[in-house]
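Trainee: Sharing run-v3.pdb here; it has PDB, C-alpha atoms.
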```pdb
ATOM      1  CA  MET K   1       7.303   1.073 -32.822  1.00  0.00           C
ATOM      2  CA  GLN K   2       9.847   3.213 -34.674  1.00  0.00           C
ATOM      3  CA  ALA K   3       9.006   6.157 -32.414  1.00  0.00           C
ATOM      4  CA  ALA K   4       9.705   4.031 -29.319  1.00  0.00           C
ATOM      5  CA  LEU K   5      13.028   2.949 -30.814  1.00  0.00           C
ATOM      6  CA  ASP K   6      13.927   6.571 -31.596  1.00  0.00           C
ATOM      7  CA  ASN K   7      13.085   7.574 -28.026  1.00  0.00           C
ATOM      8  CA  LEU K   8      15.288   4.758 -26.738  1.00  0.00           C
ATOM      9  CA  THR K   9      18.302   5.696 -28.873  1.00  0.00           C
ATOM     10  CA  ASP K  10      17.907   9.366 -27.886  1.00  0.00           C
ATOM     11  CA  ALA K  11      17.742   8.366 -24.219  1.00  0.00           C
ATOM     12  CA  LEU K  12      20.884   6.240 -24.613  1.00  0.00           C
ATOM     13  CA  GLU K  13      22.800   9.141 -26.165  1.00  0.00           C
ATOM     14  CA  ASN K  14      21.598  11.582 -23.485  1.00  0.00           C
ATOM     15  CA  HIS K  15      22.587   9.145 -20.749  1.00  0.00           C
ATOM     16  CA  MET K  16      26.067   8.693 -22.225  1.00  0.00           C
ATOM     17  CA  GLU K  17      26.564  12.466 -22.510  1.00  0.00           C
ATOM     18  CA  ALA K  18      25.388  13.014 -18.923  1.00  0.00           C
ATOM     19  CA  CYS K  19      27.751  10.298 -17.661  1.00  0.00           C
ATOM     20  CA  LEU K  20      30.707  11.764 -19.537  1.00  0.00           C
ATOM     21  CA  ALA K  21      29.997  15.215 -18.093  1.00  0.00           C
ATOM     22  CA  ARG K  22      29.040  14.120 -14.581  1.00  0.00           C
ATOM     23  CA  SER K  23      30.170  16.330 -11.722  1.00  0.00           C
ATOM     24  CA  GLY K  24      30.082  13.803  -8.880  1.00  0.00           C
ATOM     25  CA  GLU K  25      28.643  10.589  -7.521  1.00  0.00           C
ATOM     26  CA  ALA K  26      25.106  11.977  -7.126  1.00  0.00           C
ATOM     27  CA  ASP K  27      25.009  14.105 -10.268  1.00  0.00           C
ATOM     28  CA  VAL K  28      21.405  15.177 -10.852  1.00  0.00           C
ATOM     29  CA  ALA K  29      21.740  15.221 -14.657  1.00  0.00           C
ATOM     30  CA  VAL K  30      22.957  11.605 -14.647  1.00  0.00           C
ATOM     31  CA  GLN K  31      20.085  10.558 -12.394  1.00  0.00           C
ATOM     32  CA  ALA K  32      17.566  12.271 -14.665  1.00  0.00           C
ATOM     33  CA  ALA K  33      19.104  10.709 -17.786  1.00  0.00           C
ATOM     34  CA  TYR K  34      19.029   7.296 -16.106  1.00  0.00           C
ATOM     35  CA  THR K  35      15.319   7.693 -15.350  1.00  0.00           C
ATOM     36  CA  ALA K  36      14.548   8.754 -18.911  1.00  0.00           C
ATOM     37  CA  LEU K  37      16.546   5.805 -20.268  1.00  0.00           C
ATOM     38  CA  ARG K  38      14.787   3.365 -17.947  1.00  0.00           C
ATOM     39  CA  HIS K  39      11.366   4.639 -19.034  1.00  0.00           C
ATOM     40  CA  ALA K  40      12.270   4.567 -22.734  1.00  0.00           C
ATOM     41  CA  ALA K  41      13.679   1.031 -22.474  1.00  0.00           C
ATOM     42  CA  ALA K  42      10.629  -0.232 -20.590  1.00  0.00           C
ATOM     43  CA  GLN K  43       8.310   1.382 -23.139  1.00  0.00           C
ATOM     44  CA  TYR K  44      10.179  -0.204 -26.059  1.00  0.00           C
ATOM     45  CA  ASP K  45      10.260  -3.583 -24.298  1.00  0.00           C
ATOM     46  CA  ASP K  46       6.509  -3.492 -23.607  1.00  0.00           C
ATOM     47  CA  LEU K  47       5.658  -2.437 -27.146  1.00  0.00           C
ATOM     48  CA  LEU K  48       7.905  -5.078 -28.713  1.00  0.00           C
ATOM     49  CA  PHE K  49       6.217  -7.809 -26.678  1.00  0.00           C
ATOM     50  CA  GLU K  50       2.745  -6.457 -27.395  1.00  0.00           C
ATOM     51  CA  LEU K  51       3.229  -6.182 -31.178  1.00  0.00           C
ATOM     52  CA  ARG K  52       5.670  -9.013 -31.951  1.00  0.00           C
ATOM     53  CA  ASP K  53       5.643 -11.260 -28.882  1.00  0.00           C
ATOM     54  CA  GLU K  54       9.387 -10.635 -28.524  1.00  0.00           C
ATOM     55  CA  VAL K  55      11.467  -9.457 -25.576  1.00  0.00           C
ATOM     56  CA  THR K  56      14.678  -7.550 -24.950  1.00  0.00           C
ATOM     57  CA  PRO K  57      17.528  -8.816 -22.724  1.00  0.00           C
ATOM     58  CA  TRP K  58      16.894  -6.045 -20.170  1.00  0.00           C
ATOM     59  CA  GLU K  59      15.430  -6.426 -16.713  1.00  0.00           C
ATOM     60  CA  PHE K  60      13.663  -3.691 -14.790  1.00  0.00           C
ATOM     61  CA  PRO K  61      14.112  -4.492 -11.084  1.00  0.00           C
ATOM     62  CA  GLU K  62      12.195  -2.643  -8.412  1.00  0.00           C
ATOM     63  CA  GLY K  63      14.100   0.209  -6.879  1.00  0.00           C
ATOM     64  CA  PRO K  64      14.378   3.961  -6.644  1.00  0.00           C
ATOM     65  CA  HIS K  65      14.633   6.240  -9.609  1.00  0.00           C
ATOM     66  CA  VAL K  66      14.935   9.987  -9.699  1.00  0.00           C
ATOM     67  CA  ASP K  67      12.879  12.405 -11.776  1.00  0.00           C
ATOM     68  CA  ILE K  68      13.608  16.091 -12.186  1.00  0.00           C
ATOM     69  CA  GLU K  69      10.193  17.637 -12.526  1.00  0.00           C
ATOM     70  CA  TYR K  70      11.305  21.238 -12.844  1.00  0.00           C
ATOM     71  CA  GLU K  71      14.401  23.392 -12.874  1.00  0.00           C
ATOM     72  CA  ASP K  72      14.643  27.166 -13.381  1.00  0.00           C
ATOM     73  CA  SER K  73      18.301  27.756 -14.215  1.00  0.00           C
ATOM     74  CA  ASP K  74      17.729  31.506 -14.625  1.00  0.00           C
ATOM     75  CA  ALA K  75      16.401  32.100 -11.104  1.00  0.00           C
ATOM     76  CA  GLU K  76      18.301  34.577  -8.920  1.00  0.00           C
ATOM     77  CA  PRO K  77      16.468  34.461  -5.575  1.00  0.00           C
ATOM     78  CA  ALA K  78      17.386  36.546  -2.543  1.00  0.00           C
ATOM     79  CA  ALA K  79      16.066  33.866  -0.157  1.00  0.00           C
ATOM     80  CA  VAL K  80      14.985  30.245  -0.672  1.00  0.00           C
ATOM     81  CA  GLY K  81      13.030  27.615   1.189  1.00  0.00           C
ATOM     82  CA  VAL K  82      13.918  23.927   0.888  1.00  0.00           C
ATOM     83  CA  PHE K  83      10.911  21.665   1.515  1.00  0.00           C
ATOM     84  CA  VAL K  84      11.582  17.966   2.067  1.00  0.00           C
ATOM     85  CA  ARG K  85       9.199  15.023   2.316  1.00  0.00           C
ATOM     86  CA  ARG K  86      10.194  11.365   2.779  1.00  0.00           C
ATOM     87  CA  ASP K  87       7.696   8.496   2.998  1.00  0.00           C
ATOM     88  CA  TYR K  88       8.177   5.068   4.591  1.00  0.00           C
ATOM     89  CA  ASP K  89       6.200   1.904   5.215  1.00  0.00           C
ATOM     90  CA  ILE K  90       6.618   0.518   8.729  1.00  0.00           C
ATOM     91  CA  SER K  91       7.584  -2.997   7.701  1.00  0.00           C
ATOM     92  CA  GLU K  92       8.846  -4.297  11.060  1.00  0.00           C
ATOM     93  CA  ALA K  93       7.275  -2.617  14.100  1.00  0.00           C
ATOM     94  CA  GLY K  94       9.510  -4.556  16.505  1.00  0.00           C
ATOM     95  CA  GLU K  95      12.654  -3.436  14.673  1.00  0.00           C
ATOM     96  CA  LEU K  96      11.455   0.154  14.777  1.00  0.00           C
ATOM     97  CA  LEU K  97      10.999  -0.043  18.560  1.00  0.00           C
ATOM     98  CA  ARG K  98      14.452  -1.610  18.936  1.00  0.00           C
ATOM     99  CA  ALA K  99      16.030   1.139  16.829  1.00  0.00           C
ATOM    100  CA  GLY K 100      14.184   3.832  18.776  1.00  0.00           C
ATOM    101  CA  ARG K 101      15.446   2.420  22.061  1.00  0.00           C
ATOM    102  CA  GLU K 102      18.958   2.264  20.683  1.00  0.00           C
ATOM    103  CA  ALA K 103      18.675   5.918  19.668  1.00  0.00           C
ATOM    104  CA  TYR K 104      17.466   6.748  23.182  1.00  0.00           C
ATOM    105  CA  GLY K 105      20.633   5.096  24.500  1.00  0.00           C
ATOM    106  CA  GLU K 106      22.730   7.303  22.202  1.00  0.00           C
ATOM    107  CA  ILE K 107      21.107  10.433  23.630  1.00  0.00           C
ATOM    108  CA  TYR K 108      21.091   9.308  27.263  1.00  0.00           C
ATOM    109  CA  PRO K 109      24.039   6.924  27.631  1.00  0.00           C
ATOM    110  CA  ALA K 110      23.948   7.087  31.447  1.00  0.00           C
ATOM    111  CA  ASP K 111      20.341   5.865  31.633  1.00  0.00           C
ATOM    112  CA  PRO K 112      19.682   2.159  32.207  1.00  0.00           C
ATOM    113  CA  GLU K 113      18.251   0.047  29.403  1.00  0.00           C
ATOM    114  CA  GLU K 114      14.932  -0.110  31.238  1.00  0.00           C
ATOM    115  CA  ALA K 115      14.514   3.643  30.750  1.00  0.00           C
ATOM    116  CA  ALA K 116      14.705   3.249  26.972  1.00  0.00           C
ATOM    117  CA  VAL K 117      12.132   0.429  27.072  1.00  0.00           C
ATOM    118  CA  ALA K 118       9.807   2.539  29.220  1.00  0.00           C
ATOM    119  CA  ASP K 119      10.189   5.578  26.967  1.00  0.00           C
ATOM    120  CA  VAL K 120       9.892   3.954  23.524  1.00  0.00           C
ATOM    121  CA  THR K 121       6.609   2.047  23.651  1.00  0.00           C
ATOM    122  CA  HIS K 122       5.149   2.822  20.205  1.00  0.00           C
ATOM    123  CA  ALA K 123       6.183   3.784  16.660  1.00  0.00           C
ATOM    124  CA  GLY K 124       5.705   7.520  17.128  1.00  0.00           C
ATOM    125  CA  ARG K 125       8.038   7.628  20.106  1.00  0.00           C
ATOM    126  CA  ALA K 126      10.600   5.467  18.284  1.00  0.00           C
ATOM    127  CA  LEU K 127      10.605   7.884  15.370  1.00  0.00           C
ATOM    128  CA  TYR K 128      10.911  10.821  17.763  1.00  0.00           C
ATOM    129  CA  GLN K 129      14.044   9.329  19.347  1.00  0.00           C
ATOM    130  CA  LEU K 130      15.550   8.377  15.982  1.00  0.00           C
ATOM    131  CA  LEU K 131      15.045  11.902  14.674  1.00  0.00           C
ATOM    132  CA  HIS K 132      16.287  13.387  17.948  1.00  0.00           C
ATOM    133  CA  ALA K 133      19.463  11.304  17.835  1.00  0.00           C
ATOM    134  CA  TYR K 134      20.281  11.304  14.128  1.00  0.00           C
ATOM    135  CA  GLY K 135      18.194  13.966  12.341  1.00  0.00           C
ATOM    136  CA  VAL K 136      16.227  13.498   9.118  1.00  0.00           C
ATOM    137  CA  ASP K 137      19.219  12.421   7.021  1.00  0.00           C
ATOM    138  CA  GLY K 138      20.379  10.015   9.715  1.00  0.00           C
ATOM    139  CA  LEU K 139      16.931   8.461   9.880  1.00  0.00           C
ATOM    140  CA  ASP K 140      16.957   7.990   6.115  1.00  0.00           C
ATOM    141  CA  LEU K 141      20.365   6.293   6.255  1.00  0.00           C
ATOM    142  CA  ARG K 142      19.167   3.921   9.001  1.00  0.00           C
ATOM    143  CA  ALA K 143      15.642   3.352   7.633  1.00  0.00           C
ATOM    144  CA  GLU K 144      15.910  -0.198   6.335  1.00  0.00           C
ATOM    145  CA  GLY K 145      17.766  -1.380   9.445  1.00  0.00           C
ATOM    146  CA  SER K 146      15.123   0.240  11.621  1.00  0.00           C
ATOM    147  CA  GLY K 147      12.021  -1.508  10.326  1.00  0.00           C
ATOM    148  CA  LEU K 148      11.218   1.169   7.745  1.00  0.00           C
ATOM    149  CA  GLN K 149      10.817   0.584   4.016  1.00  0.00           C
ATOM    150  CA  PRO K 150      11.467   3.747   1.949  1.00  0.00           C
ATOM    151  CA  ARG K 151       8.596   4.711  -0.365  1.00  0.00           C
ATOM    152  CA  GLY K 152      10.323   7.730  -1.868  1.00  0.00           C
ATOM    153  CA  GLY K 153      10.579  11.424  -1.297  1.00  0.00           C
ATOM    154  CA  THR K 154      10.619  14.844  -2.872  1.00  0.00           C
ATOM    155  CA  VAL K 155      12.653  17.999  -2.409  1.00  0.00           C
ATOM    156  CA  TRP K 156      11.331  21.381  -3.516  1.00  0.00           C
ATOM    157  CA  VAL K 157      13.415  24.550  -3.632  1.00  0.00           C
ATOM    158  CA  GLN K 158      11.523  27.773  -4.103  1.00  0.00           C
ATOM    159  CA  GLU K 159      12.139  31.472  -3.872  1.00  0.00           C
ATOM    160  CA  LEU K 160      10.776  33.040  -0.706  1.00  0.00           C
ATOM    161  CA  ALA K 161       8.825  36.260  -0.943  1.00  0.00           C
ATOM    162  CA  GLU K 162       9.335  39.112   1.493  1.00  0.00           C
ATOM    163  CA  GLY K 163       7.926  38.087   4.858  1.00  0.00           C
ATOM    164  CA  ASP K 164       7.934  34.338   4.075  1.00  0.00           C
ATOM    165  CA  THR K 165      10.931  33.717   6.335  1.00  0.00           C
ATOM    166  CA  GLU K 166       8.826  34.864   9.293  1.00  0.00           C
ATOM    167  CA  THR K 167       6.451  31.895   8.794  1.00  0.00           C
ATOM    168  CA  LEU K 168       9.140  29.279   9.504  1.00  0.00           C
ATOM    169  CA  VAL K 169       7.680  28.123  12.838  1.00  0.00           C
ATOM    170  CA  ASN K 170       3.988  28.959  12.727  1.00  0.00           C
ATOM    171  CA  GLU K 171       3.183  28.084   9.078  1.00  0.00           C
ATOM    172  CA  PRO K 172       6.211  26.340   7.518  1.00  0.00           C
ATOM    173  CA  PHE K 173       4.455  24.881   4.451  1.00  0.00           C
ATOM    174  CA  GLY K 174       1.892  27.651   3.983  1.00  0.00           C
ATOM    175  CA  VAL K 175       4.315  29.565   1.763  1.00  0.00           C
ATOM    176  CA  ILE K 176       4.634  26.847  -0.887  1.00  0.00           C
ATOM    177  CA  ASP K 177       3.914  28.406  -4.273  1.00  0.00           C
ATOM    178  CA  ASP K 178       4.369  26.577  -7.602  1.00  0.00           C
ATOM    179  CA  ASP K 179       4.963  29.892  -9.357  1.00  0.00           C
ATOM    180  CA  MET K 180       8.068  30.511  -7.218  1.00  0.00           C
ATOM    181  CA  LEU K 181       9.514  27.010  -7.674  1.00  0.00           C
ATOM    182  CA  ILE K 182      13.168  26.947  -8.682  1.00  0.00           C
ATOM    183  CA  TYR K 183      13.950  23.249  -8.510  1.00  0.00           C
ATOM    184  CA  ARG K 184      12.183  19.982  -7.752  1.00  0.00           C
ATOM    185  CA  LEU K 185      13.689  16.532  -7.355  1.00  0.00           C
ATOM    186  CA  ASP K 186      11.512  13.434  -6.848  1.00  0.00           C
ATOM    187  CA  GLU K 187      12.654   9.994  -5.792  1.00  0.00           C
ATOM    188  CA  VAL K 188      10.020   7.348  -6.399  1.00  0.00           C
ATOM    189  CA  VAL K 189      10.415   3.829  -5.068  1.00  0.00           C
ATOM    190  CA  GLU K 190       8.510   1.297  -7.126  1.00  0.00           C
ATOM    191  CA  VAL K 191       6.634  -0.925  -4.723  1.00  0.00           C
ATOM    192  CA  ASP K 192       5.203  -4.338  -5.453  1.00  0.00           C
ATOM    193  CA  GLU K 193       1.429  -3.796  -5.104  1.00  0.00           C
ATOM    194  CA  GLU K 194       0.994  -7.377  -3.868  1.00  0.00           C
ATOM    195  CA  ARG K 195       3.150  -6.736  -0.806  1.00  0.00           C
TER     196      ARG K 195
END
```
Would you put the structure from the file into structure tokens?

Mentor:
Amino acid sequence: MQAALDNLTDALENHMEACLARSGEADVAVQAAYTALRHAAAQYDDLLFELRDEVTPWEFPEGPHVDIEYEDSDAEPAAVGVFVRRDYDISEAGELLRAGREAYGEIYPADPEEAAVADVTHAGRALYQLLHAYGVDGLDLRAEGSGLQPRGGTVWVQELAEGDTETLVNEPFGVIDDDMLIYRLDEVVEVDEER
């Protein structure tokens, strides 16, 4: 139990230092320190209850947290690839269709509403129109209002070897190589398994 307490106090100090030195609203070091603190607090809370049937005043609500899995601060690449993955549950199929039709209207404002209804008839087409209208970041911003429940995502930045840039269209993810990884950022959304 002492080890769990030591981990918690270390995590608190690291979090405070990261917050004091933060460089902006989405500072990666602060996010990583927050994740470490959350894990240390949850571990201490669980152990305290298990060994002494006592609890802490902290709550651990569901929600996203960010983990830095890897960072090579010494890397000096000549070219990099940024690989992004975002996962969603389709929680409201009707809302997704509505959002896709609305996106269609943004792209083709002169078309009648019936054209959007005829075009967006299933989830795949709705996602196509949302991505066409707003891009990947725009989709992510609109996800929850579009019948999508974020499950998390990951961003990998790696050095590209000579010739890798030529694979952009025909084999975009074939060049992924752990040995050339410079930076990785994971966002994991804790989901209630009973949902």

Trainee: Mind checking which residues fall within 12 Å of Ala11 in chain K, counting only C-alpha atoms, ignoring those fewer than 3 positions away in the same chain, and posting them as a VMD selection string?

Mentor: chain K and resid 4 to 8 14 to 18 30 32 to 44

Trainee: Taking all atoms listed in the file into account, name the residue in K:Asp87, K:Asp53, K:Glu106, K:Asp111 that is nearest to Glu187 in chain K.

Mentor: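 Among K:Asp87, K:Asp53, K:Glu106, K:Asp111, it is K:Asp87 that comes nearest to Glu187 in chain K.
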
Trainee: Please work out which residues fall within 9 Å of (14.7, 35.0, -4.5), coordinates as given in the file, with all atoms listed in the file counting, and return them as number ranges by chain.

Mentor: K: 75-80, 158-161, 180

Trainee: Just to confirm, what's the straight-line distance from CA of Ala93 in chain K to CA of Leu130 in chain K in Å (one decimal)?

Mentor: 13.9 Å

Trainee: Please write as a list in words the full residue list that the PyMOL selection byres ((chain K and resi 119) around 12) yields on this file.

Mentor: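 When the PyMOL selection byres ((chain K and resi 119) around 12) is applied to the shown file, the picked residues are Leu97, Arg98, Gly100, Arg101, Glu102, Ala103, Tyr104, Gly105, Tyr108, Asp111, Pro112, Glu113, Glu114, Ala115, Ala116, Val117, Ala118, Val120, Thr121, His122, Ala123, Gly124, Arg125, Ala126, Leu127, Tyr128 and Gln129 of chain K.
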
Trainee: Please evaluate the PyMOL selection byres ((chain K and resi 70) around 12) against the structure above and give the resulting residues as a count of residues only.

Mentor: 22

Trainee: Would you mind reading off the distance between CA of Val84 in chain K and CA of Val136 in chain K, one decimal, in Å?

Mentor: 9.6 Å

Trainee: Please write the residues picked by the PyMOL selection byres ((chain K and resi 58) around 10) on this file as a list of chain:residue names.

Mentor: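 So the PyMOL selection byres ((chain K and resi 58) around 10) ends up selecting K:Arg38, K:Ala41, K:Ala42, K:Asp45, K:Val55, K:Thr56, K:Pro57, K:Glu59, K:Phe60, K:Pro61.
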
Trainee: Of the candidates K:Arg86, K:Gly81, K:Ala3, K:Ala21, which shows the shortest atom-to-atom distance to Leu141 in chain K, using all atoms listed in the file?

Mentor: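 Checking each of K:Arg86, K:Gly81, K:Ala3, K:Ala21 against Leu141 in chain K, counting all atoms listed in the file, the winner is K:Arg86.
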
Trainee: Take CA of Tyr88 in chain K and CA of Pro150 in chain K and report the distance between them in Å, one decimal.

Mentor: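 Computing the Euclidean distance for CA of Tyr88 in chain K and CA of Pro150 in chain K yields 4.4 Å.
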
Trainee: Pick the closest to Leu148 in chain K from K:Val169, K:Ala99, K:Val188, K:Val175: which is it, counting all atoms listed in the file?

Mentor: K:Ala99

Trainee: May I have the centre and edge lengths, in Å to one decimal, of an axis-aligned box around the listed atoms of range 95-110 of chain K with 3 Å added to every side, as AutoDock Vina command-line options?

Mentor:
```
--center_x 17.5 --center_y 3.5 --center_z 23.1 --size_x 19.0 --size_y 19.9 --size_z 22.8
```

Trainee: Considering only C-alpha atoms, state which residue in the set K:Asp46, K:Gly163, K:Ala143, K:Arg151 is at the smallest distance from Leu131 in chain K.

Mentor: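 Answer, going by the shortest atom-to-atom distance: K:Ala143.
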
Trainee: Out of K:Asp137, K:Leu48, K:Thr167, K:Ser146, which residue has the shortest atom-to-atom distance to Met1 in chain K when counting only C-alpha atoms?

Mentor: K:Leu48
